[in-house]
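Have a look at data.cif; it's mmCIF, C-alpha atoms:
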data_input
#
loop_
_atom_site.group_PDB
_atom_site.id
_atom_site.type_symbol
_atom_site.label_atom_id
_atom_site.label_comp_id
_atom_site.auth_asym_id
_atom_site.auth_seq_id
_atom_site.Cartn_x
_atom_site.Cartn_y
_atom_site.Cartn_z
ATOM 1 C CA MET A 224 -30.267 5.821 13.257
ATOM 2 C CA LYS A 225 -30.153 3.401 10.335
ATOM 3 C CA LYS A 226 -29.455 6.277 7.967
ATOM 4 C CA ASN A 227 -26.229 7.108 9.836
ATOM 5 C CA THR A 228 -25.198 3.455 9.698
ATOM 6 C CA LYS A 229 -25.758 3.421 5.947
ATOM 7 C CA LYS A 230 -23.702 6.607 5.571
ATOM 8 C CA SER A 231 -21.000 5.091 7.769
ATOM 9 C CA ASN A 232 -20.970 1.871 5.721
ATOM 10 C CA LEU A 233 -20.828 3.850 2.478
ATOM 11 C CA GLY A 234 -17.973 5.970 3.835
ATOM 12 C CA GLU A 235 -16.107 2.835 4.922
ATOM 13 C CA LEU A 236 -16.615 1.264 1.499
ATOM 14 C CA ILE A 237 -15.398 4.395 -0.267
ATOM 15 C CA SER A 238 -12.333 4.652 1.982
ATOM 16 C CA SER A 239 -11.536 0.976 1.382
ATOM 17 C CA LEU A 240 -11.424 1.635 -2.370
ATOM 18 C CA ILE A 241 -8.634 4.220 -2.040
ATOM 19 C CA LEU A 242 -5.735 1.740 -2.031
ATOM 20 C CA PRO A 243 -7.001 -0.312 -4.986
ATOM 21 C CA ALA A 244 -7.581 2.972 -6.845
ATOM 22 C CA LEU A 245 -4.044 4.158 -6.062
ATOM 23 C CA PHE A 246 -2.639 0.858 -7.338
ATOM 24 C CA VAL A 247 -4.516 1.334 -10.622
ATOM 25 C CA LEU A 248 -3.457 4.996 -10.744
ATOM 26 C CA ALA A 249 0.206 4.021 -10.262
ATOM 27 C CA TRP A 250 -0.050 1.739 -13.286
ATOM 28 C CA ILE A 251 -1.893 4.401 -15.303
ATOM 29 C CA TYR A 252 0.945 6.843 -14.655
ATOM 30 C CA ALA A 253 3.526 4.164 -15.413
ATOM 31 C CA LEU A 254 1.917 3.102 -18.672
ATOM 32 C CA SER A 255 1.239 6.697 -19.749
ATOM 33 C CA GLY A 256 4.929 7.226 -20.394
ATOM 34 C CA SER A 257 5.127 10.260 -18.116
ATOM 35 C CA MET A 258 8.434 10.773 -16.337
ATOM 36 C CA PRO A 259 8.346 9.390 -12.794
ATOM 37 C CA PRO A 260 9.794 11.178 -9.770
ATOM 38 C CA GLY A 261 13.564 10.700 -9.602
ATOM 39 C CA ALA A 262 14.022 9.837 -13.267
ATOM 40 C CA VAL A 263 16.814 11.558 -15.145
ATOM 41 C CA GLY A 264 16.416 11.606 -18.894
ATOM 42 C CA HIS A 265 15.280 8.606 -20.850
ATOM 43 C CA GLU A 266 15.341 5.271 -19.028
ATOM 44 C CA PRO A 267 14.009 1.785 -19.772
ATOM 45 C CA LYS A 268 10.258 1.369 -19.395
ATOM 46 C CA ASP A 269 10.484 -1.244 -16.652
ATOM 47 C CA LEU A 270 12.678 1.083 -14.545
ATOM 48 C CA SER A 271 10.202 3.904 -15.079
ATOM 49 C CA TYR A 272 7.364 1.585 -14.019
ATOM 50 C CA LEU A 273 9.299 0.573 -10.908
ATOM 51 C CA ARG A 274 9.836 4.227 -9.994
ATOM 52 C CA TRP A 275 6.105 4.953 -10.286
ATOM 53 C CA LEU A 276 5.174 2.001 -8.096
ATOM 54 C CA VAL A 277 7.812 2.865 -5.488
ATOM 55 C CA PHE A 278 6.580 6.479 -5.498
ATOM 56 C CA PHE A 279 2.956 5.486 -4.925
ATOM 57 C CA GLY A 280 4.039 2.852 -2.415
ATOM 58 C CA GLY A 281 6.022 5.453 -0.490
ATOM 59 C CA TYR A 282 3.090 7.838 -0.457
ATOM 60 C CA VAL A 283 0.722 5.136 0.828
ATOM 61 C CA LEU A 284 3.197 4.031 3.488
ATOM 62 C CA VAL A 285 3.567 7.579 4.857
ATOM 63 C CA VAL A 286 -0.230 7.908 4.926
ATOM 64 C CA SER A 287 -0.351 4.493 6.635
ATOM 65 C CA PHE A 288 1.806 5.953 9.395
ATOM 66 C CA ILE A 289 -0.750 8.721 9.921
ATOM 67 C CA MET A 290 -3.664 6.284 9.824
ATOM 68 C CA HIS A 291 -2.135 3.758 12.243
ATOM 69 C CA PHE A 292 -0.597 6.321 14.612
ATOM 70 C CA ILE A 293 -2.786 9.425 14.690
ATOM 71 C CA LEU A 294 -6.096 7.803 13.663
ATOM 72 C CA ALA A 295 -5.304 4.443 15.279
ATOM 73 C CA LYS A 296 -8.704 3.598 16.795
ATOM 74 C CA LYS A 297 -10.696 4.531 13.711
ATOM 75 C CA THR A 298 -8.302 2.696 11.392
ATOM 76 C CA ALA A 299 -8.294 -0.463 13.512
ATOM 77 C CA ALA A 300 -12.097 -0.486 13.650
ATOM 78 C CA SER A 301 -12.318 -0.118 9.862
ATOM 79 C CA ILE A 302 -10.181 -3.259 9.467
ATOM 80 C CA GLY A 303 -12.210 -5.175 12.045
ATOM 81 C CA TRP A 304 -9.446 -5.029 14.670
ATOM 82 C CA LYS A 305 -8.883 -3.444 18.079
ATOM 83 C CA THR A 306 -6.158 -0.882 18.633
ATOM 84 C CA ASN A 307 -3.049 -2.237 20.313
ATOM 85 C CA GLY A 308 0.669 -1.530 20.644
ATOM 86 C CA PHE A 309 1.523 -3.474 17.518
ATOM 87 C CA GLN A 310 -0.520 -1.048 15.471
ATOM 88 C CA TYR A 311 1.870 1.730 16.500
ATOM 89 C CA GLU A 312 4.826 -0.432 15.518
ATOM 90 C CA LEU A 313 3.183 -0.888 12.111
ATOM 91 C CA ALA A 314 2.906 2.891 11.908
ATOM 92 C CA PHE A 315 6.616 3.339 12.604
ATOM 93 C CA VAL A 316 7.781 0.758 10.071
ATOM 94 C CA SER A 317 5.390 2.241 7.502
ATOM 95 C CA LEU A 318 6.951 5.664 8.006
ATOM 96 C CA GLY A 319 10.455 4.242 7.591
ATOM 97 C CA LEU A 320 9.564 2.352 4.431
ATOM 98 C CA GLY A 321 7.740 5.369 3.017
ATOM 99 C CA LEU A 322 10.648 7.741 3.629
ATOM 100 C CA GLY A 323 13.049 5.104 2.291
ATOM 101 C CA SER A 324 10.945 4.914 -0.874
ATOM 102 C CA PHE A 325 11.263 8.636 -1.481
ATOM 103 C CA TYR A 326 15.024 8.429 -0.915
ATOM 104 C CA ALA A 327 15.341 5.490 -3.321
ATOM 105 C CA LEU A 328 13.613 7.365 -6.145
ATOM 106 C CA SER A 329 16.677 9.496 -6.800
ATOM 107 C CA HIS A 330 19.411 7.049 -5.793
ATOM 108 C CA GLY A 331 19.465 4.539 -8.622
ATOM 109 C CA VAL A 332 18.335 1.044 -9.438
ATOM 110 C CA SER A 333 20.039 -0.571 -6.447
ATOM 111 C CA ALA A 334 18.184 1.682 -4.022
ATOM 112 C CA LEU A 335 14.862 1.027 -5.781
ATOM 113 C CA ILE A 336 15.357 -2.731 -5.606
ATOM 114 C CA THR A 337 16.571 -2.546 -2.017
ATOM 115 C CA ILE A 338 13.461 -0.676 -0.820
ATOM 116 C CA SER A 339 11.198 -2.876 -2.953
ATOM 117 C CA ILE A 340 12.274 -6.055 -1.146
ATOM 118 C CA PRO A 341 10.905 -5.172 2.324
ATOM 119 C CA ILE A 342 7.834 -3.491 0.815
ATOM 120 C CA MET A 343 6.888 -6.488 -1.336
ATOM 121 C CA THR A 344 7.587 -8.879 1.539
ATOM 122 C CA PHE A 345 5.522 -6.827 3.966
ATOM 123 C CA LEU A 346 2.598 -6.360 1.570
ATOM 124 C CA PHE A 347 2.479 -9.977 0.392
ATOM 125 C CA LEU A 348 2.575 -11.358 3.933
ATOM 126 C CA ALA A 349 0.068 -8.731 5.112
ATOM 127 C CA GLY A 350 -2.190 -9.918 2.290
ATOM 128 C CA LEU A 351 -1.863 -13.509 3.476
ATOM 129 C CA ASN A 352 -2.750 -12.351 6.985
ATOM 130 C CA HIS A 353 -5.864 -10.612 5.657
ATOM 131 C CA VAL A 354 -6.850 -13.818 3.828
ATOM 132 C CA LYS A 355 -6.344 -15.760 7.069
ATOM 133 C CA GLU A 356 -8.620 -13.278 8.856
ATOM 134 C CA ILE A 357 -11.255 -13.667 6.150
ATOM 135 C CA ILE A 358 -11.191 -17.454 6.457
ATOM 136 C CA ALA A 359 -10.659 -17.959 10.186
ATOM 137 C CA GLN A 360 -12.451 -14.919 11.643
ATOM 138 C CA LYS A 361 -15.001 -14.312 8.872
ATOM 139 C CA ASN A 362 -13.673 -10.748 8.822
ATOM 140 C CA TYR A 363 -15.257 -9.277 5.703
ATOM 141 C CA ALA A 364 -14.682 -5.640 6.663
ATOM 142 C CA PRO A 365 -14.007 -3.711 3.444
ATOM 143 C CA ASN A 366 -10.609 -2.576 4.720
ATOM 144 C CA ASN A 367 -9.724 -6.232 5.346
ATOM 145 C CA THR A 368 -10.884 -7.516 1.969
ATOM 146 C CA LEU A 369 -10.437 -4.824 -0.683
ATOM 147 C CA ILE A 370 -6.922 -4.126 0.562
ATOM 148 C CA LEU A 371 -5.959 -7.464 -1.006
ATOM 149 C CA ILE A 372 -5.875 -5.717 -4.394
ATOM 150 C CA TRP A 373 -3.184 -3.382 -3.034
ATOM 151 C CA ASP A 374 -1.311 -6.001 -1.009
ATOM 152 C CA PHE A 375 -1.007 -8.634 -3.717
ATOM 153 C CA GLY A 376 -1.089 -6.323 -6.735
ATOM 154 C CA MET A 377 1.674 -4.076 -5.469
ATOM 155 C CA SER A 378 3.879 -6.868 -4.084
ATOM 156 C CA ILE A 379 3.659 -8.961 -7.246
ATOM 157 C CA SER A 380 4.207 -5.904 -9.473
ATOM 158 C CA LEU A 381 7.260 -4.829 -7.475
ATOM 159 C CA ALA A 382 8.703 -8.353 -7.593
ATOM 160 C CA ILE A 383 8.281 -8.640 -11.355
ATOM 161 C CA LEU A 384 9.671 -5.161 -12.005
ATOM 162 C CA ALA A 385 12.626 -5.620 -9.630
ATOM 163 C CA LEU A 386 13.534 -8.840 -11.440
ATOM 164 C CA SER A 387 13.037 -7.167 -14.792
ATOM 165 C CA VAL A 388 15.385 -4.234 -14.130
ATOM 166 C CA THR A 389 18.150 -6.559 -12.892
ATOM 167 C CA ASN A 390 18.170 -8.610 -16.120
#
Give the structure from the file, written as structure tokens.
Amino acid sequence: MKKNTKKSNLGELISSLILPALFVLAWIYALSGSMPPGAVGHEPKDLSYLRWLVFFGGYVLVVSFIMHFILAKKTAASIGWKTNGFQYELAFVSLGLGLGSFYALSHGVSALITISIPIMTFLFLAGLNHVKEIIAQKNYAPNNTLILIWDFGMSISLAILALSVTN
């Protein structure tokens, strides 16, 4: 029985590393100089970086829809929560933001900045909520702690890049 628990804990730890790894991968693609989805010809580096982060953000948000809607109970348990109606609302807004991200990739700087604002707001405030859970509830579930790399890293990166491309 303990062996299954260890496998379960290892699986949970591995799954909780996916978002931090995708954040790092987004920056690897950005810094590699490869052309991001939606780019046409040569564009400034900071715009290219923004496109890569919006692309990865969109991908994660669509997957978040699947996780919070189709795999709701398992996802909630991995965060240290119980499934409830708000989780489905999170799924729906994630799908909208994800699809909006893919639209923005080929509709110019204004669209990229516009979709970045709700994403960075959502992620930064979600990160603060996870910190609150860590402090108040002692919720150290890997999907409540390691997600902070994604939440704060992505929101701060998007904010800096959105400001950079407008100047």
Expected selection from the PyMOL selection byres ((chain A and resi 235-249) around 7), given as a PyMOL selection string: chain A and resi 231-234+250-253+275-276+279+301+365-366+369-370+372-373+377
Residues matched by the PyMOL selection byres ((chain A and resi 290-292) around 12), written as a PyMOL selection string: chain A and resi 238+283-289+293-302+304-318
Atom-to-atom span, CA of Leu328 (chain A) and CA of Asp374 (chain A), Å: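 According to the coordinates, CA of Leu328 (chain A) and CA of Asp374 (chain A) are separated by 20.7 Å.
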Residues selected by the PyMOL selection byres ((chain A and resi 325) around 12), written as a ChimeraX atom specification: /A:259-261,274-285,318-324,326-331,334-335,338-339
Who sits within 10 Å of Thr344 (chain A), only C-alpha atoms, same chain under 6 positions skipped, as an MDAnalysis selection string: chainID A and resid 350 374 378:379 381:382
Point-to-point distance from CA of Gly303 (chain A) to CA of Glu356 (chain A), Å rounded to tenths: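 Computing it gives 9.4 Å between the two atoms.
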Pick from A:Ala359, A:Val263, A:Met258, A:Val388 nearest to Val332 (chain A), counting only C-alpha atoms: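 Closest to Val332 (chain A), using only C-alpha atoms: A:Val388.
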Selection near His353 (chain A), 9 Å with only C-alpha atoms, sequence-local residues under 3 positions removed, as a list in words: Leu348, Ala349, Gly350, Glu356, Ile357, Ile358, Asn362, Asn367, Thr368, Ile370 and Leu371 of chain A
Length of the CA of Gly376 (chain A) to CA of Phe347 (chain A) vector [Å]: 8.8 Å
Assuming 4 Å of padding per side, give the centre and edge lengths of the axis-aligned box around every listed atom of region 276-292 of chain A, in Å to one decimal and as AutoDock Vina command-line options.
--center_x 2.1 --center_y 5.4 --center_z 3.3 --size_x 19.5 --size_y 14.7 --size_z 30.7
Missing atoms in region 300-330 of chain A: fill them in up to N, CA and C atoms and send the result as a short mmCIF file (atom, residue, chain, number, x, y, z; two decimals), in the coordinates of the input.
data_model
loop_
_atom_site.label_atom_id
_atom_site.label_comp_id
_atom_site.auth_asym_id
_atom_site.auth_seq_id
_atom_site.Cartn_x
_atom_site.Cartn_y
_atom_site.Cartn_z
N ALA A 300 -10.68 -0.10 13.75
CA ALA A 300 -12.10 -0.49 13.65
C ALA A 300 -12.50 -0.74 12.20
N SER A 301 -11.95 0.05 11.27
CA SER A 301 -12.32 -0.12 9.86
C SER A 301 -11.79 -1.43 9.28
N ILE A 302 -10.75 -1.99 9.92
CA ILE A 302 -10.18 -3.26 9.47
C ILE A 302 -10.86 -4.43 10.17
N GLY A 303 -11.58 -4.12 11.25
CA GLY A 303 -12.21 -5.18 12.04
C GLY A 303 -11.32 -5.61 13.19
N TRP A 304 -10.40 -4.74 13.60
CA TRP A 304 -9.45 -5.03 14.67
C TRP A 304 -9.68 -4.09 15.85
N LYS A 305 -8.94 -4.35 16.93
CA LYS A 305 -8.88 -3.44 18.08
C LYS A 305 -7.50 -2.82 18.11
N THR A 306 -7.44 -1.57 18.54
CA THR A 306 -6.16 -0.88 18.63
C THR A 306 -5.28 -1.56 19.68
N ASN A 307 -4.00 -1.71 19.34
CA ASN A 307 -3.05 -2.24 20.31
C ASN A 307 -1.66 -1.68 20.00
N GLY A 308 -0.69 -2.04 20.82
CA GLY A 308 0.67 -1.53 20.64
C GLY A 308 1.31 -1.90 19.33
N PHE A 309 0.94 -3.06 18.79
CA PHE A 309 1.52 -3.47 17.52
C PHE A 309 1.09 -2.56 16.38
N GLN A 310 -0.06 -1.97 16.51
CA GLN A 310 -0.52 -1.05 15.47
C GLN A 310 0.43 0.15 15.38
N TYR A 311 0.93 0.61 16.52
CA TYR A 311 1.87 1.73 16.50
C TYR A 311 3.20 1.30 15.89
N GLU A 312 3.60 0.06 16.14
CA GLU A 312 4.83 -0.43 15.52
C GLU A 312 4.65 -0.50 14.00
N LEU A 313 3.48 -0.89 13.54
CA LEU A 313 3.18 -0.89 12.11
C LEU A 313 3.30 0.53 11.56
N ALA A 314 2.81 1.50 12.33
CA ALA A 314 2.91 2.89 11.91
C ALA A 314 4.36 3.30 11.73
N PHE A 315 5.22 2.92 12.66
CA PHE A 315 6.62 3.34 12.60
C PHE A 315 7.35 2.69 11.43
N VAL A 316 7.11 1.41 11.20
CA VAL A 316 7.78 0.76 10.07
C VAL A 316 7.24 1.31 8.75
N SER A 317 5.96 1.64 8.72
CA SER A 317 5.39 2.24 7.50
C SER A 317 6.07 3.57 7.19
N LEU A 318 6.29 4.38 8.21
CA LEU A 318 6.95 5.66 8.01
C LEU A 318 8.37 5.45 7.47
N GLY A 319 9.10 4.52 8.06
CA GLY A 319 10.46 4.24 7.59
C GLY A 319 10.49 3.77 6.15
N LEU A 320 9.61 2.85 5.81
CA LEU A 320 9.56 2.35 4.43
C LEU A 320 9.13 3.45 3.46
N GLY A 321 8.19 4.28 3.87
CA GLY A 321 7.74 5.37 3.02
C GLY A 321 8.85 6.37 2.75
N LEU A 322 9.54 6.79 3.80
CA LEU A 322 10.65 7.74 3.63
C LEU A 322 11.78 7.10 2.83
N GLY A 323 12.04 5.82 3.07
CA GLY A 323 13.05 5.10 2.29
C GLY A 323 12.69 5.05 0.82
N SER A 324 11.40 4.93 0.52
CA SER A 324 10.94 4.91 -0.87
C SER A 324 11.26 6.23 -1.56
N PHE A 325 10.99 7.33 -0.87
CA PHE A 325 11.26 8.64 -1.48
C PHE A 325 12.77 8.84 -1.68
N TYR A 326 13.57 8.36 -0.76
CA TYR A 326 15.02 8.43 -0.92
C TYR A 326 15.46 7.61 -2.14
N ALA A 327 14.93 6.41 -2.25
CA ALA A 327 15.34 5.49 -3.32
C ALA A 327 15.04 6.04 -4.71
N LEU A 328 14.01 6.86 -4.83
CA LEU A 328 13.61 7.36 -6.14
C LEU A 328 14.74 8.09 -6.87
N SER A 329 15.61 8.74 -6.14
CA SER A 329 16.68 9.50 -6.80
C SER A 329 18.07 8.93 -6.50
N HIS A 330 18.12 7.64 -6.11
CA HIS A 330 19.41 7.05 -5.79
C HIS A 330 19.68 5.75 -6.55
#
